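Data block for structure.cif (mmCIF, C-alpha atoms):
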data_final
#
loop_
_atom_site.label_atom_id
_atom_site.label_comp_id
_atom_site.auth_asym_id
_atom_site.auth_seq_id
_atom_site.Cartn_x
_atom_site.Cartn_y
_atom_site.Cartn_z
CA MET A 15 179.94 80.32 11.60
CA PRO A 16 179.23 84.08 11.47
CA LEU A 17 180.26 86.05 14.55
CA PRO A 18 180.64 89.82 14.98
CA ASP A 19 183.76 91.72 14.00
CA PHE A 20 182.75 94.64 16.21
CA LEU A 21 180.47 95.40 19.13
CA ILE A 22 178.87 98.64 20.28
CA ALA A 23 179.49 97.65 23.89
CA GLY A 24 178.46 100.65 25.97
CA VAL A 25 176.88 102.53 27.52
CA PRO A 26 173.07 102.63 28.00
CA LYS A 27 171.40 105.98 27.27
CA ALA A 28 174.48 107.37 25.52
CA GLY A 29 173.42 107.20 21.87
CA THR A 30 174.03 103.54 21.07
CA THR A 31 170.64 103.16 19.37
CA ALA A 32 171.37 106.21 17.24
CA LEU A 33 174.81 104.89 16.31
CA HIS A 34 173.32 101.51 15.41
CA ALA A 35 170.68 103.18 13.23
CA ALA A 36 173.35 105.20 11.40
CA LEU A 37 175.76 102.31 10.82
CA VAL A 38 173.14 99.97 9.35
CA ARG A 39 173.05 102.33 6.36
CA HIS A 40 176.74 101.72 5.56
CA PRO A 41 177.08 99.15 2.74
CA GLY A 42 180.30 97.79 4.20
CA LEU A 43 178.71 96.96 7.56
CA PHE A 44 175.98 94.60 8.68
CA LEU A 45 174.13 94.90 11.98
CA PRO A 46 171.13 92.63 12.61
CA ALA A 47 167.63 94.03 12.94
CA VAL A 48 167.60 92.81 16.55
CA LYS A 49 169.34 95.52 18.55
CA GLU A 50 170.66 94.38 21.92
CA PRO A 51 170.65 90.61 21.50
CA LYS A 52 172.53 90.50 24.85
CA TYR A 53 174.16 87.19 23.97
CA PHE A 54 177.34 87.68 26.03
CA LEU A 55 175.55 88.82 29.21
CA THR A 56 175.00 85.26 30.46
CA ASP A 57 176.53 81.80 30.14
CA GLY A 58 173.14 80.36 29.31
CA ARG A 59 169.49 81.03 29.99
CA PRO A 60 168.96 84.49 31.59
CA PRO A 61 167.37 84.87 35.05
CA ALA A 62 163.70 84.15 35.53
CA ALA A 63 162.91 87.13 37.79
CA GLY A 64 163.91 90.69 38.54
CA GLY A 65 162.47 94.19 38.79
CA PRO A 66 159.43 95.62 36.99
CA GLY A 67 159.40 94.42 33.40
CA ASP A 68 162.70 92.54 33.75
CA VAL A 69 161.16 89.13 33.08
CA GLN A 70 159.91 90.26 29.68
CA THR A 71 163.34 91.73 28.90
CA TYR A 72 165.03 88.45 29.84
CA GLN A 73 162.67 86.62 27.50
CA GLU A 74 164.06 88.74 24.65
CA HIS A 75 167.68 87.62 25.23
CA VAL A 76 169.25 85.76 22.33
CA TRP A 77 171.18 83.36 24.55
CA ARG A 78 171.51 80.25 22.38
CA ARG A 79 174.67 80.21 20.22
CA ALA A 80 172.84 78.99 17.10
CA ASP A 81 170.20 81.72 17.42
CA TYR A 82 172.90 84.36 17.89
CA GLU A 83 174.85 83.24 14.84
CA ALA A 84 171.63 83.14 12.81
CA LEU A 85 171.25 86.90 13.35
CA PHE A 86 174.20 87.43 10.99
CA ASP A 87 173.12 84.98 8.27
CA PRO A 88 171.55 87.70 6.07
CA ALA A 89 174.84 89.65 5.89
CA PRO A 90 176.14 90.28 2.35
CA PRO A 91 179.53 88.75 1.47
CA GLY A 92 182.47 90.81 2.67
CA ALA A 93 180.53 93.01 5.11
CA LEU A 94 181.89 93.53 8.61
CA LEU A 95 179.49 92.12 11.18
CA GLY A 96 178.50 93.95 14.34
CA GLU A 97 175.84 94.30 16.99
CA ALA A 98 174.94 96.75 19.75
CA THR A 99 174.37 95.69 23.35
CA PRO A 100 175.33 98.64 25.58
CA PHE A 101 175.47 96.55 28.76
CA TYR A 102 178.55 94.61 27.64
CA LEU A 103 180.93 97.15 29.21
CA TYR A 104 179.29 96.98 32.63
CA ASP A 105 179.89 93.33 33.51
CA PRO A 106 183.50 92.05 33.81
CA ALA A 107 182.36 88.45 33.25
CA THR A 108 180.98 89.60 29.91
CA HIS A 109 184.43 90.86 28.91
CA GLU A 110 185.81 87.37 29.45
CA ARG A 111 183.01 85.73 27.48
CA ILE A 112 183.56 88.03 24.53
CA HIS A 113 187.33 87.49 24.56
CA ALA A 114 186.94 83.72 24.73
CA LEU A 115 184.80 83.62 21.58
CA ILE A 116 185.98 86.62 19.51
CA PRO A 117 189.33 87.83 20.94
CA ASP A 118 190.11 90.12 18.00
CA VAL A 119 186.77 91.95 18.10
CA ARG A 120 186.71 95.76 17.99
CA LEU A 121 184.75 97.50 20.72
CA ILE A 122 183.01 100.88 20.46
CA LEU A 123 182.15 102.72 23.68
CA LEU A 124 179.92 105.78 23.84
CA LEU A 125 180.32 107.62 27.16
CA ARG A 126 177.99 110.28 28.52
CA ASP A 127 178.16 112.60 31.53
CA PRO A 128 177.25 110.08 34.26
CA VAL A 129 174.68 112.28 36.01
CA ASP A 130 172.92 113.08 32.74
CA ARG A 131 173.11 109.40 31.78
CA ALA A 132 171.52 108.34 35.07
CA HIS A 133 168.77 110.93 34.68
CA SER A 134 168.05 109.80 31.11
CA ASN A 135 167.99 106.19 32.32
CA TRP A 136 165.47 107.05 35.05
CA THR A 137 163.38 109.11 32.59
CA HIS A 138 163.35 106.21 30.13
CA LEU A 139 162.02 103.77 32.72
CA TRP A 140 159.57 106.31 34.12
CA ASN A 141 158.16 106.94 30.65
CA ALA A 142 158.05 103.18 30.07
CA ARG A 143 155.71 102.99 33.09
CA LEU A 144 158.19 100.75 34.92
CA GLU A 145 159.97 103.08 37.36
CA PRO A 146 157.83 103.38 40.53
CA GLU A 147 159.70 106.42 41.93
CA ALA A 148 158.57 109.78 40.54
CA ASP A 149 161.60 111.51 42.09
CA PHE A 150 164.97 111.00 40.39
CA LEU A 151 167.15 111.20 43.51
CA THR A 152 164.85 108.88 45.45
CA ALA A 153 165.18 106.31 42.67
CA CYS A 154 168.98 106.65 42.78
CA ARG A 155 169.02 106.10 46.54
CA ALA A 156 167.06 102.88 46.05
CA GLU A 157 169.80 101.34 43.88
CA GLU A 158 171.51 99.12 46.44
CA GLU A 159 168.19 97.79 47.70
CA ARG A 160 167.16 97.03 44.13
CA LYS A 161 170.45 95.27 43.43
CA THR A 162 169.91 93.07 46.47
CA ALA A 163 166.43 92.26 45.19
CA GLY A 164 167.90 91.15 41.85
CA TRP A 165 166.68 93.97 39.61
CA ALA A 166 168.39 93.98 36.21
CA ASP A 167 171.40 96.13 35.30
CA PHE A 168 169.34 98.87 33.66
CA TRP A 169 168.10 99.85 37.13
CA HIS A 170 171.68 100.54 38.32
CA TYR A 171 171.54 104.27 37.66
CA ILE A 172 174.74 105.13 39.54
CA SER A 173 176.84 102.01 38.97
CA LEU A 174 176.31 102.04 35.20
CA GLY A 175 177.92 105.49 35.10
CA ARG A 176 181.14 104.50 36.85
CA TYR A 177 183.01 104.08 33.59
CA GLY A 178 186.51 104.31 35.04
CA ARG A 179 186.24 100.97 36.80
CA GLN A 180 184.57 99.38 33.79
CA VAL A 181 187.10 100.59 31.22
CA GLN A 182 189.99 99.69 33.52
CA ARG A 183 188.72 96.10 33.71
CA LEU A 184 188.10 96.02 29.95
CA PHE A 185 191.70 97.08 29.22
CA LYS A 186 192.93 94.11 31.25
CA VAL A 187 191.20 91.81 28.76
CA PHE A 188 191.43 93.68 25.45
CA ALA A 189 194.27 95.72 23.94
CA ARG A 190 193.72 99.49 24.01
CA GLU A 191 193.87 99.66 20.20
CA GLN A 192 190.80 97.38 20.00
CA VAL A 193 188.67 99.97 21.80
CA LEU A 194 187.26 103.25 20.47
CA LEU A 195 186.06 105.81 23.01
CA LEU A 196 183.47 108.32 21.86
CA ARG A 197 181.47 110.91 23.75
CA TYR A 198 177.71 111.17 23.48
CA ARG A 199 178.13 114.89 22.76
CA GLU A 200 180.37 114.10 19.77
CA LEU A 201 177.66 112.00 18.17
CA LYS A 202 174.96 114.53 19.01
CA ASP A 203 176.79 117.75 18.07
CA SER A 204 179.05 116.54 15.24
CA PRO A 205 177.52 113.33 13.88
CA ALA A 206 179.43 113.32 10.57
CA ALA A 207 182.82 113.58 12.27
CA ALA A 208 181.86 111.03 14.93
CA LEU A 209 180.59 108.53 12.36
CA ASP A 210 183.77 108.96 10.31
CA ARG A 211 185.80 108.17 13.44
CA VAL A 212 183.82 104.96 13.87
CA CYS A 213 184.19 103.96 10.22
CA ASP A 214 187.91 104.71 10.24
CA PHE A 215 188.30 102.63 13.40
CA LEU A 216 186.48 99.72 11.73
CA GLY A 217 188.45 100.08 8.50
CA VAL A 218 185.52 100.84 6.20
CA ARG A 219 185.02 103.80 3.89
CA THR A 220 184.40 107.15 5.59
CA GLY A 221 182.01 109.82 4.35
CA VAL A 222 179.28 107.28 3.58
CA VAL A 223 177.07 107.94 6.62
CA SER A 224 176.99 111.43 8.06
CA SER A 225 173.78 111.84 10.06
CA ILE A 226 171.54 110.22 12.62
CA PRO A 227 168.13 109.06 11.34
CA ARG A 228 165.44 111.46 12.55
CA GLU A 229 163.40 108.70 14.15
CA ASN A 230 166.24 108.21 16.64
CA VAL A 231 165.98 111.75 18.01
CA SER A 232 163.57 112.21 20.90
CA ARG A 233 162.49 115.72 21.88
CA HIS A 234 159.79 115.25 24.48
CA VAL A 235 158.57 113.13 27.36
CA VAL A 236 155.10 112.24 28.53
CA GLU A 237 153.34 114.84 30.70
CA ASP A 238 152.45 114.02 34.30
CA THR A 239 148.65 114.22 34.49
CA ARG A 240 145.99 112.22 36.35
CA VAL A 241 144.93 110.44 33.18
CA ASN A 242 148.53 109.57 32.35
CA ALA A 243 149.06 108.33 35.91
CA VAL A 244 146.24 105.82 35.40
CA LEU A 245 147.68 104.74 32.04
CA ARG A 246 151.13 104.33 33.62
CA GLY A 247 149.59 102.12 36.31
CA LEU A 248 147.93 99.87 33.75
CA LEU A 249 151.17 99.54 31.79
CA ARG A 250 153.17 98.82 34.95
CA ALA A 251 150.70 96.04 35.72
CA GLY A 252 151.38 94.69 32.25
CA GLY A 253 155.10 94.84 32.98
CA ALA A 254 154.56 92.71 36.07
CA PHE A 255 152.31 90.05 34.55
CA GLY A 256 152.68 90.36 30.77
CA HIS A 257 155.38 87.68 30.55
CA ARG A 258 152.65 85.08 31.13
CA PHE A 259 151.11 85.90 27.75
CA PRO A 260 152.40 85.49 24.18
CA VAL A 261 154.39 88.40 22.74
CA PRO A 262 151.79 89.28 20.02
CA LEU A 263 149.05 89.47 22.65
CA ARG A 264 151.20 91.68 24.90
CA ARG A 265 151.90 94.07 22.05
CA ALA A 266 148.23 94.20 21.08
CA ALA A 267 147.28 95.11 24.65
CA ARG A 268 150.02 97.72 25.08
CA GLY A 269 149.41 99.45 21.74
CA PRO A 270 146.18 101.35 22.57
CA LEU A 271 147.49 102.33 26.02
CA LEU A 272 150.73 103.70 24.56
CA THR A 273 148.80 105.62 21.90
CA MET A 274 146.70 107.30 24.58
CA LEU A 275 149.71 108.01 26.76
CA HIS A 276 151.63 109.68 23.94
CA ARG A 277 148.69 111.73 22.68
CA LYS A 278 150.31 114.85 24.17
CA ARG A 279 153.93 115.34 25.18
CA GLY A 280 155.72 117.66 27.55
CA ALA A 281 159.22 119.13 27.49
CA ARG A 282 162.13 116.81 28.22
CA PRO A 283 163.47 117.49 31.74
CA VAL A 284 167.16 118.01 32.41
CA THR A 285 169.16 117.51 35.56
CA THR A 286 169.02 120.45 37.96
CA PRO A 287 172.06 121.94 39.74
CA ALA A 288 170.68 120.51 43.00
CA GLU A 289 170.48 117.01 41.52
CA ARG A 290 173.98 117.31 40.08
CA ALA A 291 175.35 118.55 43.42
CA ALA A 292 173.79 115.56 45.17
CA LEU A 293 175.16 112.97 42.74
CA LEU A 294 178.54 114.29 41.58
CA PRO A 295 180.37 113.14 44.75
CA LEU A 296 179.36 109.58 43.82
CA PHE A 297 181.20 109.88 40.49
CA ALA A 298 184.16 112.20 41.19
CA ASP A 299 186.74 109.53 42.04
CA ASP A 300 185.66 107.35 39.15
CA ILE A 301 185.91 110.23 36.68
CA ALA A 302 189.48 110.77 37.88
CA LEU A 303 190.16 107.06 37.36
CA LEU A 304 188.67 107.22 33.86
CA GLN A 305 191.02 110.06 32.99
CA ASP A 306 194.02 108.12 34.30
CA VAL A 307 193.04 104.95 32.47
CA THR A 308 192.25 106.56 29.12
CA GLY A 309 194.53 109.59 29.09
CA GLU A 310 191.54 111.73 28.09
CA ARG A 311 189.97 114.63 29.98
CA TYR A 312 186.43 114.59 31.37
CA ASP A 313 186.66 117.62 33.68
CA ASP A 314 183.50 119.14 32.21
CA TRP A 315 181.46 116.36 33.83
CA LEU A 316 182.39 117.72 37.27
CA SER A 317 180.49 121.02 36.89
CA VAL A 318 177.35 121.42 38.98
CA ASP A 319 175.80 123.93 36.56
CA ARG A 320 176.37 122.09 33.30
CA HIS A 321 173.43 120.52 31.53
CA ALA A 322 172.13 120.36 27.97
CA LYS A 323 170.83 123.71 26.70
CA THR A 324 168.32 121.94 24.47
CA SER A 325 165.52 119.45 25.08
CA GLN A 326 166.62 117.34 22.12
CA SER A 327 168.30 114.05 22.93
CA LEU A 328 169.49 111.01 21.04
CA SER A 329 167.21 108.15 21.95
CA GLY A 330 168.13 104.61 22.87
CA PRO A 331 170.20 102.69 25.50
#

How does this structure look as structure tokens?
Amino acid sequence: MPLPDFLIAGVPKAGTTALHAALVRHPGLFLPAVKEPKYFLTDGRPPAAGGPGDVQTYQEHVWRRADYEALFDPAPPGALLGEATPFYLYDPATHERIHALIPDVRLILLLRDPVDRAHSNWTHLWNARLEPEADFLTACRAEEERKTAGWADFWHYISLGRYGRQVQRLFKVFAREQVLLLRYRELKDSPAAALDRVCDFLGVRTGVVSSIPRENVSRHVVEDTRVNAVLRGLLRAGGAFGHRFPVPLRRAARGPLLTMLHRKRGARPVTTPAERAALLPLFADDIALLQDVTGERYDDWLSVDRHAKTSQSLSGP
């Protein structure tokens, strides 16, 4: 039965959606239309509860083996099969599940400055009307309480960015040569070179895809106004109760609200030096571990003053 030859396995908010969108245009590769099937995240049915909107997310999991394999049925003969679920790196039990089923799989990891990644994660959930905390640092401080309450992994703003521990565990299960490490900045600043690295790693022809589709570049976020605050509240209510209704009905209800919310957009915020100074101590030891484990340098992530000089960002977890 069809199973993937490669996985885009990490990390959320580091360009995995953009990479997926670029690779689907390569004739030698096949990635299903369903991004993030999340098959390897559980041994069976996903949890039935969690944080805001988590129940609806769990309902989208492709957790049955037959359903997962069916995603790859449309692949043309000879194409390499792959899928993108950026949470696969985070969970060590997931590493074991992947190895048990597809031990020779190739794994692609996109890594992003962990403070910037956390901020983008928070921004994503805030714009999705799910994050209740309007202050980034306050939301980060709530992480342990949210974990205890069973909120899903996407709410783990700090823990998701501790790549050193995650990669170290991954290398205990998979050979180093099965794993490709890329930086978010590589894909953003030099997409052609980054995409050629991926294609070379997978053993397919290079030079075929050289850019990121424009629809996967996000430049703005929703402004904070009184009207938008009301719209956010309505959408958060939908996140809490929407799982009780059929998917088509949920989408029909959300559509007009989203259209109103996105009628006018503001500039994308970036992390401030104060925010970086507050969070960097939480990542410093792990960045050092990542450098030891991979043999690559990530010193630039330790600067308090560094942040993107542009509001443009690759979208997607």

Using the chain letters and numbers from the file, which residues does the PyMOL selection byres ((chain A and resi 129) around 10) grab, as a PyMOL selection string? chain A and resi 126-128+130-135+171-172+175+285+289-294+296-297+315-316+318+321

Put those residues in a file: C-alpha atoms, as a PDB file, keeping the file's coordinate frame.
ATOM      1  CA  ARG A 126     177.990 110.280  28.520  1.00  0.00           C
ATOM      2  CA  ASP A 127     178.160 112.600  31.530  1.00  0.00           C
ATOM      3  CA  PRO A 128     177.250 110.080  34.260  1.00  0.00           C
ATOM      4  CA  ASP A 130     172.920 113.080  32.740  1.00  0.00           C
ATOM      5  CA  ARG A 131     173.110 109.400  31.780  1.00  0.00           C
ATOM      6  CA  ALA A 132     171.520 108.340  35.070  1.00  0.00           C
ATOM      7  CA  HIS A 133     168.770 110.930  34.680  1.00  0.00           C
ATOM      8  CA  SER A 134     168.050 109.800  31.110  1.00  0.00           C
ATOM      9  CA  ASN A 135     167.990 106.190  32.320  1.00  0.00           C
ATOM     10  CA  TYR A 171     171.540 104.270  37.660  1.00  0.00           C
ATOM     11  CA  ILE A 172     174.740 105.130  39.540  1.00  0.00           C
ATOM     12  CA  GLY A 175     177.920 105.490  35.100  1.00  0.00           C
ATOM     13  CA  THR A 285     169.160 117.510  35.560  1.00  0.00           C
ATOM     14  CA  GLU A 289     170.480 117.010  41.520  1.00  0.00           C
ATOM     15  CA  ARG A 290     173.980 117.310  40.080  1.00  0.00           C
ATOM     16  CA  ALA A 291     175.350 118.550  43.420  1.00  0.00           C
ATOM     17  CA  ALA A 292     173.790 115.560  45.170  1.00  0.00           C
ATOM     18  CA  LEU A 293     175.160 112.970  42.740  1.00  0.00           C
ATOM     19  CA  LEU A 294     178.540 114.290  41.580  1.00  0.00           C
ATOM     20  CA  LEU A 296     179.360 109.580  43.820  1.00  0.00           C
ATOM     21  CA  PHE A 297     181.200 109.880  40.490  1.00  0.00           C
ATOM     22  CA  TRP A 315     181.460 116.360  33.830  1.00  0.00           C
ATOM     23  CA  LEU A 316     182.390 117.720  37.270  1.00  0.00           C
ATOM     24  CA  VAL A 318     177.350 121.420  38.980  1.00  0.00           C
ATOM     25  CA  HIS A 321     173.430 120.520  31.530  1.00  0.00           C
TER      26      HIS A 321
END

Could you give me, as a PyMOL selection string, the residues within 10 Å of Ala156 of chain A, counting all atoms listed in the file and dropping anything in the same chain fewer than 5 positions from it? chain A and resi 147+151+161+169-171

Do you know which residues the PyMOL selection byres ((chain A and resi 184) around 10) returns on this file, as a count of residues only? 22

Nearest to Pro117 of chain A among A:Asp306, A:Asp19, A:Asp81, A:Glu97, with distances taken over all atoms listed in the file: which residue is it? A:Asp19

Using all atoms listed in the file: which of A:Ala35, A:Ala298, A:Leu123, A:Ala28 has the shortest distance to Phe215 of chain A: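 That would be A:Leu123, the residue with the smallest distance to Phe215 of chain A.
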
Check the smallest atom-to-atom distance from each of A:Leu37, A:Leu303, A:Pro283, A:Gly24 to His138 of chain A using only C-alpha atoms, then report the winner. A:Pro283
